[in-house]
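Below is one structure, written out as structure tokens; comments come after it.
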Number of protein chains: 2
Amino acid sequence: MTRKTIDDVAKAAGVAIKTVSRVLNDEPNVREETRARVLAAVEALHYFPSLSARSLAGRRSYLIGLVYENPSANYIVDIQHGAMARCRQEKFRLFVHQCSGRDAELIRDVIGLVDQTHVDGLVVPAPLSQSIDLIRALDRRKLPFVRISPSAIDHRSPSVDMDDEGAAREMTEHLIELGHTRIGFITGHPTHHASALRLDGYRAALQAHRILYEPAYVRQGHFVFESGLGAGRELLALPKRPTAVFASNDDMAAGVLMAAHELGLQVPSQLSVAGYDDTYIARITWPRLTTVHQPSYDMAWSATDLLLQALKNGEGARTSRLAHRLIVRESTAPVRAD
Amino acid sequence: MTRKTIDDVAKAAGVAIKTVSRVLNDEPNVREETRARVLAAVEALHYFPSLSARSLAGRRSYLIGLVYENPSANYIVDIQHGAMARCRQEKFRLFVHQCSGRDAELIRDVIGLVDQTHVDGLVVPAPLSQSIDLIRALDRRKLPFVRISPSAIDHRSPSVDMDDEGAAREMTEHLIELGHTRIGFITGHPTHHASALRLDGYRAALQAHRILYEPAYVRQGHFVFESGLGAGRELLALPKRPTAVFASNDDMAAGVLMAAHELGLQVPSQLSVAGYDDTYIARITWPRLTTVHQPSYDMAWSATDLLLQALKNGEGARTSRLAHRLIVRESTAPVRAD
DNA sequence: CCTTACGTTGACAGCGCTGTCATCAGATGT
DNA sequence: ACATCTGATGACAGCGCTGTCAACGTAAGG
């Protein structure tokens with residue numbers, strides 16, 4: 001059992017290889033009857049065209065790259081699978097690449113990937129999507145790419161995002177509606193643009209409800225569990241401790257839960273805790289987390305979709321914003337009368 | 001800024017392209033001075049050889065495939081990164097592919113990947129590594145592959161695993177040493193070979209300590225949180241409920257924790273809970289999980305290492321077993337005198 | 001009726017590399 | 001001294017496709 005080539009298919013279908021190529025690439029001007037014969041031969045021989053040959057010979061490689069930089073496992077798996085799903089539908093393949101290095105080295109790493117694999121385009125999720133240097137380097141290579149959750153400093157390339165500020169505002173309002181006024185907030189990694197947006201949403205909600213913004217209630221986190229645990233301990237050690245804590249992602253919210261448990265505080269009766277992202281974690285903590293659903297899978301799907309469209313039609317920049325929603329579970333409750 | 005080719009390098013170094021090729025492929029019979037000149041040119045031009053051209057022209061593609069089938073996010077991310085790390089060291093690239101379909105369709109999916117991408121070999125983690133049909137199909141294609149945690153029904157191909165039975169025995173003994181005799185057990189997915197091994201280890205420990213094996217204490221799980229929650233609820237509803245529960249992975253152990261919390265049972269004072277795998281989850285639950293560290297990252301690294309060795313030396317089957325270790329955290333404690 | 005256009009198909013070059021084989025200088029053996 | 005071997009290098013074919021262009025038959029237009 002060996003690999004079949006286009007010649008085998010051409011022979012089996014009684015046509016020239018160029019005709020097989022036409023059918024495989026959905027090119028026009030092939031008789032319906034011929035197309036059917038070729039497709040039958042392809043099917044019968046279990047023929048799969050060689051990506052290497054295709055990308056060497058033609059302008060397309062049928063390969064999309066997904067480059068990312070060390071974010072949380074749950075996020076990146078959703079992103080991967082969303083992108084893979086869309087690729088599969090179009091018979092593209094996805095090349096997943098975890099970048100190494102920083103700054104110039106990172107750029108070389110990505111450009112190296114592009115040069116070696118001949119990918120037709122790149123899906124660039126946050127936080128890499130915020131690297132101006134990378135964007136510039138890709139532009140120089142004239143490589144199409146779509147960014148997920150790019151920073152506000154914008155660019156004419158297509159991108160997909162969600163309304164981070166609005167979502168954070170809604171979550172904060174949810175807590176305010178439950179009667180909370182002393183609401184702690186844990187920010188995300190300082191270099192992620194989403195971190196600033198989420199903080200903005202928190203502050204906007206406070207302001208809209210005339211609740212004084214109290215800097216002591218805001219702690220710096222880094223999107224990882226340990227930072228949430230640390231920030232949670234600090235917040236709960238405050239003389240007038242918050243009755244609710246809103247963490248900028250679920251991992252950190254899980255850290256706050258642990259901090260509360262350490263002190264023997266009941267969640268949600270003595271402390272409400274809210275997260276962000278709605279990753280797997282939010283469903284397995286005790287209690288389960290009230291959180292914002294960030295549609296990572298769908299964002300990756302859409303980003304890949306935009307990229308494939310751009311490759312087909314050579315069409316320019318488009319941006320799409322996906323809907324989020326509040327997921328209210330058992331970690332938030334009305335504030336208790338002290 | 002455009003892609004450089006081997007011709008550019010050859011011109012810059014003042015040699016024939018074949019000589020550049022020799023240097024790039026570590027072939028012998030190149031003068032040291034010539035090699036240095038070529039490498040300097042490669043560096044200066046930021047040249048990256050085209051994988052497509054290489055795999056078309058030669059016998060090697062410098063590509064390894066990682067195929068997997070829907071396991072937990074935390075597991076597969078570790079596997080991916082372990083394999084990527086090893087690939088990077090050898091200037092190979094890793095093609096990550098989530099399989100689709102079942103049985104014959106799955107086989108076609110994998111063979112399709114192999115045919116299209118020309119991967120030199122495959123890393124096959126559990127549970128795919130247990131598919132006899134897949135193994136046979138790969139053999140027919142004469143494609144080198146290394147399995148991670150294959151089933152006992154063995155094969156002369158290389159593989160990497162850990163001692164599942166021994167680890168489960170140790171964990172059960174840990175619980176027994178804490179004074180537990182009514183120990184619940186939640187099995188893994190029935191088609192995973194590791195599930196049976198872990199159950200064997202549990203039973204072996206009971207037997208060694210002359211504790212009666214009680215079938216009612218053993219519940220079927222499927223390696224997912226919900227199944228652990230369900231099984232946990234059942235176990236804790238038993239008239240003579242277990243004082244400890246050992247779940248076959250961390251996700252299910254988290255489910256048991258939730259079941260305990262629902263009933264207001266304190267862990268570990270009223271119930272000890274143990275997991276398996278030592279994924280990220282084990283460090284963020286309350287209390288943090290006592291678990292078995294399964295070295296997924298290292299297993300993938302080693303599997304990739306074996307594969308690369310086999311590609312280089314054409315050497316046959318080897319199997320390597322990686323060490324596990326018990327991670328005792330706060331979810332297990334001595335049994336309380338009732 | 002012939003010309004033109006169009007739809008359909010195939011011949012062939014060439015993408016950027018590696019494998020094979022030839023070439024040549026210098027070292028080695030007798 | 002000559003034949004022989006060895007190491008270093010290059011010329012060239014060809015991997016499996018796609019892009020280009022030519023060829024052909026047939027329908028439409030004058």
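We name chains A, B, ... following the order of the structure tokens; residues begin at 1 in each chain, and ligands are numbered from 1 as shown.
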Which residues of chain D have any atom within 12 Å of an atom in chain A when counting only C-alpha atoms (C1' of nucleotides), and what is the closest pair of atoms for each, with the distance in Å to one decimal? Order the rows by chain and rising number and write it as a tab-separated table.
```
residue	atom	partner	partner_atom	distance
D:DC15	C1'	A:Ala53	CA	8.2
D:DG16	C1'	A:Ala53	CA	5.0
D:DC17	C1'	A:Ala53	CA	4.6
D:DT18	C1'	A:Gly58	CA	4.8
D:DG19	C1'	A:Gly58	CA	7.3
D:DT20	C1'	A:Lys18	CA	11.7
```
Quiz item: Could you name the residues that touch A:Leu263 at 9 Å or less, counting only C-alpha atoms (C1' of nucleotides), but leaving out those on the same chain fewer than 5 positions away, as a PyMOL selection string?
Solution: chain A and resi 233+236+258
Quick one: which residues from chain B are at most 7 Å off chain A, using only C-alpha atoms, as a tab-separated table (two decimals) with N, CA and C atoms, in the first residue's frame?
```
chain	number	residue	atom	x	y	z
B	1	MET	N	10.85	42.34	0.99
B	1	MET	CA	11.39	41.20	1.76
B	1	MET	C	10.72	39.93	1.27
B	2	THR	N	11.48	39.14	0.61
B	2	THR	CA	10.86	37.93	0.06
B	2	THR	C	11.60	36.68	0.53
B	3	ARG	N	11.00	35.57	0.28
B	3	ARG	CA	11.57	34.30	0.72
B	3	ARG	C	12.87	33.99	-0.01
B	48	PHE	N	15.62	29.91	5.46
B	48	PHE	CA	14.98	28.71	6.03
B	48	PHE	C	14.61	27.80	4.87
B	49	PRO	N	15.14	26.60	4.83
B	49	PRO	CA	14.84	25.71	3.70
B	49	PRO	C	13.35	25.40	3.64
B	50	SER	N	12.83	25.30	2.46
B	50	SER	CA	11.41	25.00	2.28
B	50	SER	C	11.12	23.55	2.60
B	51	LEU	N	10.21	23.35	3.55
B	51	LEU	CA	9.85	21.98	3.91
B	51	LEU	C	9.19	21.28	2.74
B	52	SER	N	8.44	22.01	1.96
B	52	SER	CA	7.75	21.40	0.83
B	52	SER	C	8.75	20.83	-0.16
B	53	ALA	N	9.72	21.64	-0.50
B	53	ALA	CA	10.71	21.18	-1.47
B	53	ALA	C	11.51	20.01	-0.91
B	55	SER	N	10.58	17.79	1.28
B	55	SER	CA	9.85	16.51	1.38
B	55	SER	C	9.51	15.97	0.00
B	56	LEU	N	9.40	16.88	-0.96
B	56	LEU	CA	9.15	16.39	-2.31
B	56	LEU	C	10.38	15.71	-2.88
B	73	ALA	N	-8.31	18.56	27.72
B	73	ALA	CA	-7.49	19.68	27.26
B	73	ALA	C	-6.14	19.72	27.95
B	74	ASN	N	-6.15	19.52	29.25
B	74	ASN	CA	-4.90	19.64	29.99
B	74	ASN	C	-3.90	18.57	29.60
B	77	VAL	N	-2.54	19.30	25.89
B	77	VAL	CA	-1.63	20.44	25.80
B	77	VAL	C	-0.24	20.03	26.29
B	95	PHE	N	3.29	18.49	13.40
B	95	PHE	CA	1.97	18.74	12.83
B	95	PHE	C	0.93	18.17	13.77
B	96	VAL	N	0.18	19.04	14.41
B	96	VAL	CA	-0.83	18.61	15.39
B	96	VAL	C	-2.15	18.38	14.69
B	112	GLY	N	-4.93	10.00	5.49
B	112	GLY	CA	-5.02	11.22	4.69
B	112	GLY	C	-4.00	12.24	5.14
B	115	ASP	N	-0.54	11.04	4.03
B	115	ASP	CA	-0.32	11.20	2.60
B	115	ASP	C	-0.17	12.65	2.19
B	116	GLN	N	-0.97	13.49	2.79
B	116	GLN	CA	-0.94	14.89	2.39
B	116	GLN	C	0.29	15.62	2.87
B	117	THR	N	0.65	15.36	4.12
B	117	THR	CA	1.72	16.15	4.71
B	117	THR	C	3.09	15.51	4.61
B	140	ARG	N	1.04	-0.99	7.49
B	140	ARG	CA	0.90	-1.21	6.05
B	140	ARG	C	1.56	-0.08	5.27
B	141	ARG	N	1.44	1.14	5.81
B	141	ARG	CA	2.05	2.29	5.14
B	141	ARG	C	3.55	2.36	5.45
B	254	ALA	N	-12.28	16.02	40.98
B	254	ALA	CA	-12.90	17.33	41.21
B	254	ALA	C	-14.42	17.15	41.32
B	255	GLY	N	-14.96	16.23	40.55
B	255	GLY	CA	-16.39	15.95	40.65
B	255	GLY	C	-16.76	15.39	42.02
B	258	MET	N	-16.93	18.10	44.48
B	258	MET	CA	-18.18	18.84	44.40
B	258	MET	C	-19.31	18.07	45.08
B	284	ILE	N	-5.79	23.60	41.67
B	284	ILE	CA	-6.69	24.74	41.85
B	284	ILE	C	-8.00	24.39	42.55
B	285	THR	N	-8.21	23.12	42.85
B	285	THR	CA	-9.43	22.77	43.57
B	285	THR	C	-9.24	23.07	45.05
B	286	TRP	N	-10.35	23.05	45.77
B	286	TRP	CA	-10.29	23.22	47.22
B	286	TRP	C	-10.85	21.98	47.86
```
Which of stretch 159-248 of chain B end up as strand (DSSP E) when DSSP is run on this backbone - answer as an mmCIF file with N, CA and C atoms, in the first residue's frame?
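So the final result, stored in result.cif, reads:
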```
data_model
loop_
_atom_site.group_PDB
_atom_site.id
_atom_site.type_symbol
_atom_site.label_atom_id
_atom_site.label_comp_id
_atom_site.auth_asym_id
_atom_site.auth_seq_id
_atom_site.Cartn_x
_atom_site.Cartn_y
_atom_site.Cartn_z
ATOM 1 N N SER B 159 7.330 2.423 22.234
ATOM 2 C CA SER B 159 6.290 3.110 22.984
ATOM 3 C C SER B 159 6.830 3.642 24.301
ATOM 4 N N VAL B 160 6.047 4.513 24.893
ATOM 5 C CA VAL B 160 6.401 5.115 26.169
ATOM 6 C C VAL B 160 5.207 4.949 27.091
ATOM 7 N N ASP B 161 5.458 4.566 28.317
ATOM 8 C CA ASP B 161 4.320 4.471 29.224
ATOM 9 C C ASP B 161 4.745 4.718 30.664
ATOM 10 N N MET B 162 3.831 4.560 31.580
ATOM 11 C CA MET B 162 4.147 4.632 33.001
ATOM 12 C C MET B 162 3.493 3.427 33.658
ATOM 13 N N ILE B 183 -12.917 2.313 50.893
ATOM 14 C CA ILE B 183 -12.346 3.194 49.869
ATOM 15 C C ILE B 183 -13.105 3.041 48.561
ATOM 16 N N GLY B 184 -13.763 4.120 48.161
ATOM 17 C CA GLY B 184 -14.481 4.100 46.880
ATOM 18 C C GLY B 184 -13.495 4.233 45.735
ATOM 19 N N PHE B 185 -13.880 3.736 44.581
ATOM 20 C CA PHE B 185 -13.014 3.850 43.404
ATOM 21 C C PHE B 185 -13.870 4.202 42.198
ATOM 22 N N ILE B 186 -13.404 5.139 41.412
ATOM 23 C CA ILE B 186 -14.121 5.510 40.189
ATOM 24 C C ILE B 186 -13.223 5.173 39.012
ATOM 25 N N VAL B 218 -17.127 0.492 43.846
ATOM 26 C CA VAL B 218 -16.489 0.793 42.554
ATOM 27 C C VAL B 218 -17.537 1.275 41.560
ATOM 28 N N ARG B 219 -17.321 2.435 41.015
ATOM 29 C CA ARG B 219 -18.275 3.021 40.070
ATOM 30 C C ARG B 219 -17.595 3.309 38.741
ATOM 31 N N ALA B 244 -13.059 7.364 51.960
ATOM 32 C CA ALA B 244 -12.114 7.893 50.977
ATOM 33 C C ALA B 244 -12.586 7.484 49.593
ATOM 34 N N VAL B 245 -12.311 8.333 48.615
ATOM 35 C CA VAL B 245 -12.635 7.994 47.230
ATOM 36 C C VAL B 245 -11.411 8.271 46.375
ATOM 37 N N PHE B 246 -11.068 7.295 45.576
ATOM 38 C CA PHE B 246 -9.939 7.413 44.660
ATOM 39 C C PHE B 246 -10.517 7.415 43.249
ATOM 40 N N ALA B 247 -10.360 8.530 42.567
ATOM 41 C CA ALA B 247 -10.877 8.648 41.205
ATOM 42 C C ALA B 247 -9.738 8.453 40.217
#
```
Practice problem: Quick one: pick out all helix (DSSP H, G or I) residues within stretch 14-179 of chain A from a backbone DSSP run and write them as a ChimeraX atom specification. | Solution: /A:17-24,32-45,51-57,73-89,103-117,128-130,132-140,164-177
Exercise. Can you check which residues of chain C have any atom within 9 Å of chain A? Use only C-alpha atoms (C1' of nucleotides) and format it as a VMD selection string.
Key: chain C and resid 7 to 10 14 to 16
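Atom pair atom CA of A:Asp250 / atom CA of A:Ala194: separated by 14.2 Å.
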Quiz prompt | Pick from D:DC24, D:DG14, D:DG29, D:DT9 nearest to C:DC24, counting only C-alpha atoms (C1' of nucleotides) | solution = D:DT9
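Atom CA of A:Glu330 lies 9.7 Å from atom CA of A:Ala274.
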Residues within 12 Å of stretch 306-311 of chain A, please, as a PDB file with N, CA and C atoms, in the first residue's frame. Count only C-alpha atoms (C1' of nucleotides); anything in the same chain fewer than 2 positions from it doesn't count.
```pdb
ATOM      1  N   ARG A  59       0.379  28.823  -5.994  1.00  0.00           N
ATOM      2  CA  ARG A  59       0.457  29.977  -5.100  1.00  0.00           C
ATOM      3  C   ARG A  59      -0.168  29.667  -3.747  1.00  0.00           C
ATOM      4  N   ARG A  60      -0.927  28.593  -3.694  1.00  0.00           N
ATOM      5  CA  ARG A  60      -1.585  28.247  -2.437  1.00  0.00           C
ATOM      6  C   ARG A  60      -0.938  27.021  -1.820  1.00  0.00           C
ATOM      7  N   SER A  61      -0.959  26.953  -0.491  1.00  0.00           N
ATOM      8  CA  SER A  61      -0.395  25.776   0.168  1.00  0.00           C
ATOM      9  C   SER A  61      -1.468  24.983   0.902  1.00  0.00           C
ATOM     10  N   TYR A  62      -2.653  25.534   0.973  1.00  0.00           N
ATOM     11  CA  TYR A  62      -3.737  24.890   1.731  1.00  0.00           C
ATOM     12  C   TYR A  62      -3.336  24.673   3.182  1.00  0.00           C
ATOM     13  N   LEU A  63      -2.512  25.558   3.652  1.00  0.00           N
ATOM     14  CA  LEU A  63      -2.040  25.489   5.039  1.00  0.00           C
ATOM     15  C   LEU A  63      -2.250  26.844   5.712  1.00  0.00           C
ATOM     16  N   ILE A  64      -2.796  26.803   6.908  1.00  0.00           N
ATOM     17  CA  ILE A  64      -2.940  28.006   7.725  1.00  0.00           C
ATOM     18  C   ILE A  64      -2.097  27.792   8.976  1.00  0.00           C
ATOM     19  N   GLY A  65      -1.441  28.822   9.418  1.00  0.00           N
ATOM     20  CA  GLY A  65      -0.672  28.705  10.643  1.00  0.00           C
ATOM     21  C   GLY A  65      -1.416  29.308  11.821  1.00  0.00           C
ATOM     22  N   LEU A  66      -1.269  28.669  12.977  1.00  0.00           N
ATOM     23  CA  LEU A  66      -1.784  29.255  14.211  1.00  0.00           C
ATOM     24  C   LEU A  66      -0.587  29.440  15.123  1.00  0.00           C
ATOM     25  N   ALA A  83     -10.181  26.841  15.143  1.00  0.00           N
ATOM     26  CA  ALA A  83      -9.478  27.069  13.882  1.00  0.00           C
ATOM     27  C   ALA A  83      -9.420  25.782  13.051  1.00  0.00           C
ATOM     28  N   ARG A  86     -12.759  25.005  11.262  1.00  0.00           N
ATOM     29  CA  ARG A  86     -13.028  25.792  10.058  1.00  0.00           C
ATOM     30  C   ARG A  86     -12.107  25.352   8.918  1.00  0.00           C
ATOM     31  N   CYS A  87     -10.874  25.074   9.225  1.00  0.00           N
ATOM     32  CA  CYS A  87      -9.934  24.612   8.207  1.00  0.00           C
ATOM     33  C   CYS A  87     -10.423  23.331   7.552  1.00  0.00           C
ATOM     34  N   ARG A  88     -10.862  22.426   8.390  1.00  0.00           N
ATOM     35  CA  ARG A  88     -11.289  21.131   7.881  1.00  0.00           C
ATOM     36  C   ARG A  88     -12.400  21.286   6.846  1.00  0.00           C
ATOM     37  N   GLN A  89     -13.325  22.183   7.123  1.00  0.00           N
ATOM     38  CA  GLN A  89     -14.438  22.375   6.187  1.00  0.00           C
ATOM     39  C   GLN A  89     -13.955  22.781   4.798  1.00  0.00           C
ATOM     40  N   GLU A  90     -12.855  23.516   4.759  1.00  0.00           N
ATOM     41  CA  GLU A  90     -12.369  23.995   3.461  1.00  0.00           C
ATOM     42  C   GLU A  90     -11.213  23.149   2.947  1.00  0.00           C
ATOM     43  N   LYS A  91     -10.982  22.009   3.576  1.00  0.00           N
ATOM     44  CA  LYS A  91      -9.869  21.150   3.205  1.00  0.00           C
ATOM     45  C   LYS A  91      -8.518  21.838   3.337  1.00  0.00           C
ATOM     46  N   PHE A  92      -8.465  22.766   4.262  1.00  0.00           N
ATOM     47  CA  PHE A  92      -7.179  23.343   4.629  1.00  0.00           C
ATOM     48  C   PHE A  92      -6.668  22.568   5.835  1.00  0.00           C
ATOM     49  N   ARG A  93      -5.390  22.709   6.092  1.00  0.00           N
ATOM     50  CA  ARG A  93      -4.852  22.121   7.310  1.00  0.00           C
ATOM     51  C   ARG A  93      -4.267  23.232   8.166  1.00  0.00           C
ATOM     52  N   LEU A  94      -4.260  22.956   9.468  1.00  0.00           N
ATOM     53  CA  LEU A  94      -3.792  23.970  10.403  1.00  0.00           C
ATOM     54  C   LEU A  94      -2.443  23.577  10.970  1.00  0.00           C
ATOM     55  N   VAL A 119       2.885  28.557   4.739  1.00  0.00           N
ATOM     56  CA  VAL A 119       1.482  28.781   5.110  1.00  0.00           C
ATOM     57  C   VAL A 119       0.900  29.941   4.309  1.00  0.00           C
ATOM     58  N   ASP A 120      -0.376  29.809   3.977  1.00  0.00           N
ATOM     59  CA  ASP A 120      -1.044  30.858   3.195  1.00  0.00           C
ATOM     60  C   ASP A 120      -1.420  32.051   4.053  1.00  0.00           C
ATOM     61  N   GLY A 121      -1.535  31.817   5.337  1.00  0.00           N
ATOM     62  CA  GLY A 121      -1.941  32.909   6.221  1.00  0.00           C
ATOM     63  C   GLY A 121      -1.810  32.477   7.660  1.00  0.00           C
ATOM     64  N   LEU A 122      -2.020  33.422   8.555  1.00  0.00           N
ATOM     65  CA  LEU A 122      -1.793  33.159   9.971  1.00  0.00           C
ATOM     66  C   LEU A 122      -2.991  33.597  10.806  1.00  0.00           C
ATOM     67  N   VAL A 123      -3.303  32.798  11.805  1.00  0.00           N
ATOM     68  CA  VAL A 123      -4.267  33.213  12.820  1.00  0.00           C
ATOM     69  C   VAL A 123      -3.446  33.579  14.051  1.00  0.00           C
ATOM     70  N   VAL A 124      -3.659  34.766  14.544  1.00  0.00           N
ATOM     71  CA  VAL A 124      -2.820  35.282  15.631  1.00  0.00           C
ATOM     72  C   VAL A 124      -3.675  35.686  16.830  1.00  0.00           C
ATOM     73  N   LEU A 143       2.041  38.710   4.131  1.00  0.00           N
ATOM     74  CA  LEU A 143       1.325  37.504   4.513  1.00  0.00           C
ATOM     75  C   LEU A 143      -0.018  37.866   5.141  1.00  0.00           C
ATOM     76  N   PRO A 144      -1.099  37.319   4.594  1.00  0.00           N
ATOM     77  CA  PRO A 144      -2.406  37.596   5.183  1.00  0.00           C
ATOM     78  C   PRO A 144      -2.494  37.022   6.599  1.00  0.00           C
ATOM     79  N   PHE A 145      -3.152  37.745   7.467  1.00  0.00           N
ATOM     80  CA  PHE A 145      -3.337  37.221   8.816  1.00  0.00           C
ATOM     81  C   PHE A 145      -4.588  37.836   9.428  1.00  0.00           C
ATOM     82  N   VAL A 146      -5.124  37.140  10.410  1.00  0.00           N
ATOM     83  CA  VAL A 146      -6.281  37.648  11.139  1.00  0.00           C
ATOM     84  C   VAL A 146      -5.937  37.592  12.614  1.00  0.00           C
ATOM     85  N   ARG A 147      -6.239  38.664  13.311  1.00  0.00           N
ATOM     86  CA  ARG A 147      -5.918  38.704  14.727  1.00  0.00           C
ATOM     87  C   ARG A 147      -7.146  38.458  15.589  1.00  0.00           C
ATOM     88  N   ILE A 148      -6.915  37.841  16.718  1.00  0.00           N
ATOM     89  CA  ILE A 148      -7.981  37.633  17.688  1.00  0.00           C
ATOM     90  C   ILE A 148      -7.688  38.532  18.880  1.00  0.00           C
ATOM     91  N   SER A 157      -5.735  45.266   9.076  1.00  0.00           N
ATOM     92  CA  SER A 157      -5.920  43.827   8.907  1.00  0.00           C
ATOM     93  C   SER A 157      -7.209  43.382   9.595  1.00  0.00           C
ATOM     94  N   PRO A 158      -7.789  42.273   9.117  1.00  0.00           N
ATOM     95  CA  PRO A 158      -9.022  41.789   9.735  1.00  0.00           C
ATOM     96  C   PRO A 158      -8.764  41.275  11.149  1.00  0.00           C
ATOM     97  N   SER A 159      -9.788  41.301  11.948  1.00  0.00           N
ATOM     98  CA  SER A 159      -9.642  40.774  13.297  1.00  0.00           C
ATOM     99  C   SER A 159     -10.996  40.382  13.874  1.00  0.00           C
ATOM    100  N   VAL A 160     -10.930  39.638  14.945  1.00  0.00           N
ATOM    101  CA  VAL A 160     -12.129  39.194  15.639  1.00  0.00           C
ATOM    102  C   VAL A 160     -11.951  39.543  17.105  1.00  0.00           C
ATOM    103  N   MET A 299     -14.484  32.489  18.223  1.00  0.00           N
ATOM    104  CA  MET A 299     -13.609  33.560  17.750  1.00  0.00           C
ATOM    105  C   MET A 299     -12.542  32.995  16.823  1.00  0.00           C
ATOM    106  N   ALA A 300     -12.000  31.861  17.188  1.00  0.00           N
ATOM    107  CA  ALA A 300     -10.981  31.241  16.335  1.00  0.00           C
ATOM    108  C   ALA A 300     -11.612  30.760  15.030  1.00  0.00           C
ATOM    109  N   TRP A 301     -12.811  30.249  15.152  1.00  0.00           N
ATOM    110  CA  TRP A 301     -13.520  29.788  13.957  1.00  0.00           C
ATOM    111  C   TRP A 301     -13.729  30.969  13.012  1.00  0.00           C
ATOM    112  N   SER A 302     -14.211  32.061  13.568  1.00  0.00           N
ATOM    113  CA  SER A 302     -14.495  33.236  12.749  1.00  0.00           C
ATOM    114  C   SER A 302     -13.226  33.844  12.173  1.00  0.00           C
ATOM    115  N   ALA A 303     -12.187  33.865  12.977  1.00  0.00           N
ATOM    116  CA  ALA A 303     -10.922  34.422  12.498  1.00  0.00           C
ATOM    117  C   ALA A 303     -10.434  33.609  11.302  1.00  0.00           C
ATOM    118  N   THR A 304     -10.514  32.296  11.429  1.00  0.00           N
ATOM    119  CA  THR A 304     -10.083  31.432  10.344  1.00  0.00           C
ATOM    120  C   THR A 304     -10.974  31.639   9.124  1.00  0.00           C
ATOM    121  N   ASN A 313     -10.951  35.677  -1.946  1.00  0.00           N
ATOM    122  CA  ASN A 313     -11.403  36.852  -2.690  1.00  0.00           C
ATOM    123  C   ASN A 313     -10.377  37.971  -2.717  1.00  0.00           C
ATOM    124  N   GLY A 314      -9.273  37.768  -2.062  1.00  0.00           N
ATOM    125  CA  GLY A 314      -8.306  38.834  -1.982  1.00  0.00           C
ATOM    126  C   GLY A 314      -8.894  40.077  -1.339  1.00  0.00           C
ATOM    127  N   GLU A 315      -9.937  39.852  -0.595  1.00  0.00           N
ATOM    128  CA  GLU A 315     -10.677  40.982  -0.022  1.00  0.00           C
ATOM    129  C   GLU A 315     -10.002  41.534   1.219  1.00  0.00           C
ATOM    130  N   GLY A 316     -10.252  42.807   1.457  1.00  0.00           N
ATOM    131  CA  GLY A 316      -9.502  43.532   2.481  1.00  0.00           C
ATOM    132  C   GLY A 316      -9.946  43.273   3.898  1.00  0.00           C
ATOM    133  N   ALA A 317      -9.698  44.238   4.727  1.00  0.00           N
ATOM    134  CA  ALA A 317      -9.911  44.096   6.155  1.00  0.00           C
ATOM    135  C   ALA A 317     -11.386  44.056   6.522  1.00  0.00           C
ATOM    136  N   ARG A 318     -11.681  43.188   7.440  1.00  0.00           N
ATOM    137  CA  ARG A 318     -12.997  43.193   8.045  1.00  0.00           C
ATOM    138  C   ARG A 318     -12.810  42.807   9.493  1.00  0.00           C
ATOM    139  N   THR A 319     -13.684  43.294  10.288  1.00  0.00           N
ATOM    140  CA  THR A 319     -13.563  42.983  11.695  1.00  0.00           C
ATOM    141  C   THR A 319     -14.895  42.464  12.175  1.00  0.00           C
ATOM    142  N   SER A 320     -14.854  41.454  13.010  1.00  0.00           N
ATOM    143  CA  SER A 320     -16.123  40.989  13.516  1.00  0.00           C
ATOM    144  C   SER A 320     -16.056  40.870  15.026  1.00  0.00           C
TER     145      SER A 320
END
```
Exercise. Could you jot down the atom CA of B:Pro127 to atom CA of B:Ser195 separation for me, Å, one decimal place?
Key: 10.6 Å
Quiz item: If you count only C-alpha atoms (C1' of nucleotides), which residues fall within 10 Å of B:Arg325, apart from same-chain ones fewer than 3 positions away, as number ranges by chain?
Solution: B: 167, 170-171, 277-278, 291-295, 328
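The environment of D:DT4 within 12 Å, counting only C-alpha atoms (C1' of nucleotides) and disregarding residues fewer than 3 places along the same chain, consists of DA27, DT28, DG29 and DT30 of chain C.
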Would you mind exporting N, CA and C atoms (P, O5', C5', C4', C3', O3' and C1' of nucleotides) of the selected residues as a CSV table (one decimal), in the first residue's frame?
```
chain,number,residue,atom,x,y,z
C,27,DA,P,48.3,16.3,-0.9
C,27,DA,O5',48.0,14.8,-0.4
C,27,DA,C5',46.8,14.6,0.4
C,27,DA,C4',46.6,13.1,0.5
C,27,DA,C3',47.8,12.3,1.0
C,27,DA,O3',47.4,11.3,1.9
C,27,DA,C1',47.1,11.5,-1.1
C,28,DT,P,48.4,10.5,2.7
C,28,DT,O5',48.4,9.1,2.0
C,28,DT,C5',47.2,8.4,1.8
C,28,DT,C4',47.4,7.2,0.9
C,28,DT,C3',48.7,6.3,1.3
C,28,DT,O3',48.3,5.0,1.7
C,28,DT,C1',48.5,6.7,-1.0
C,29,DG,P,49.3,4.0,2.2
C,29,DG,O5',49.5,3.1,0.9
C,29,DG,C5',48.4,2.5,0.3
C,29,DG,C4',48.9,1.7,-0.9
C,29,DG,C3',50.1,0.8,-0.7
C,29,DG,O3',49.9,-0.4,-1.3
C,29,DG,C1',50.6,2.3,-2.5
C,30,DT,P,50.9,-1.7,-1.0
C,30,DT,O5',51.8,-1.7,-2.3
C,30,DT,C5',51.1,-2.1,-3.6
C,30,DT,C4',52.1,-1.9,-4.7
C,30,DT,C3',53.5,-2.6,-4.5
C,30,DT,O3',53.7,-3.6,-5.5
C,30,DT,C1',53.8,-0.4,-5.2
```
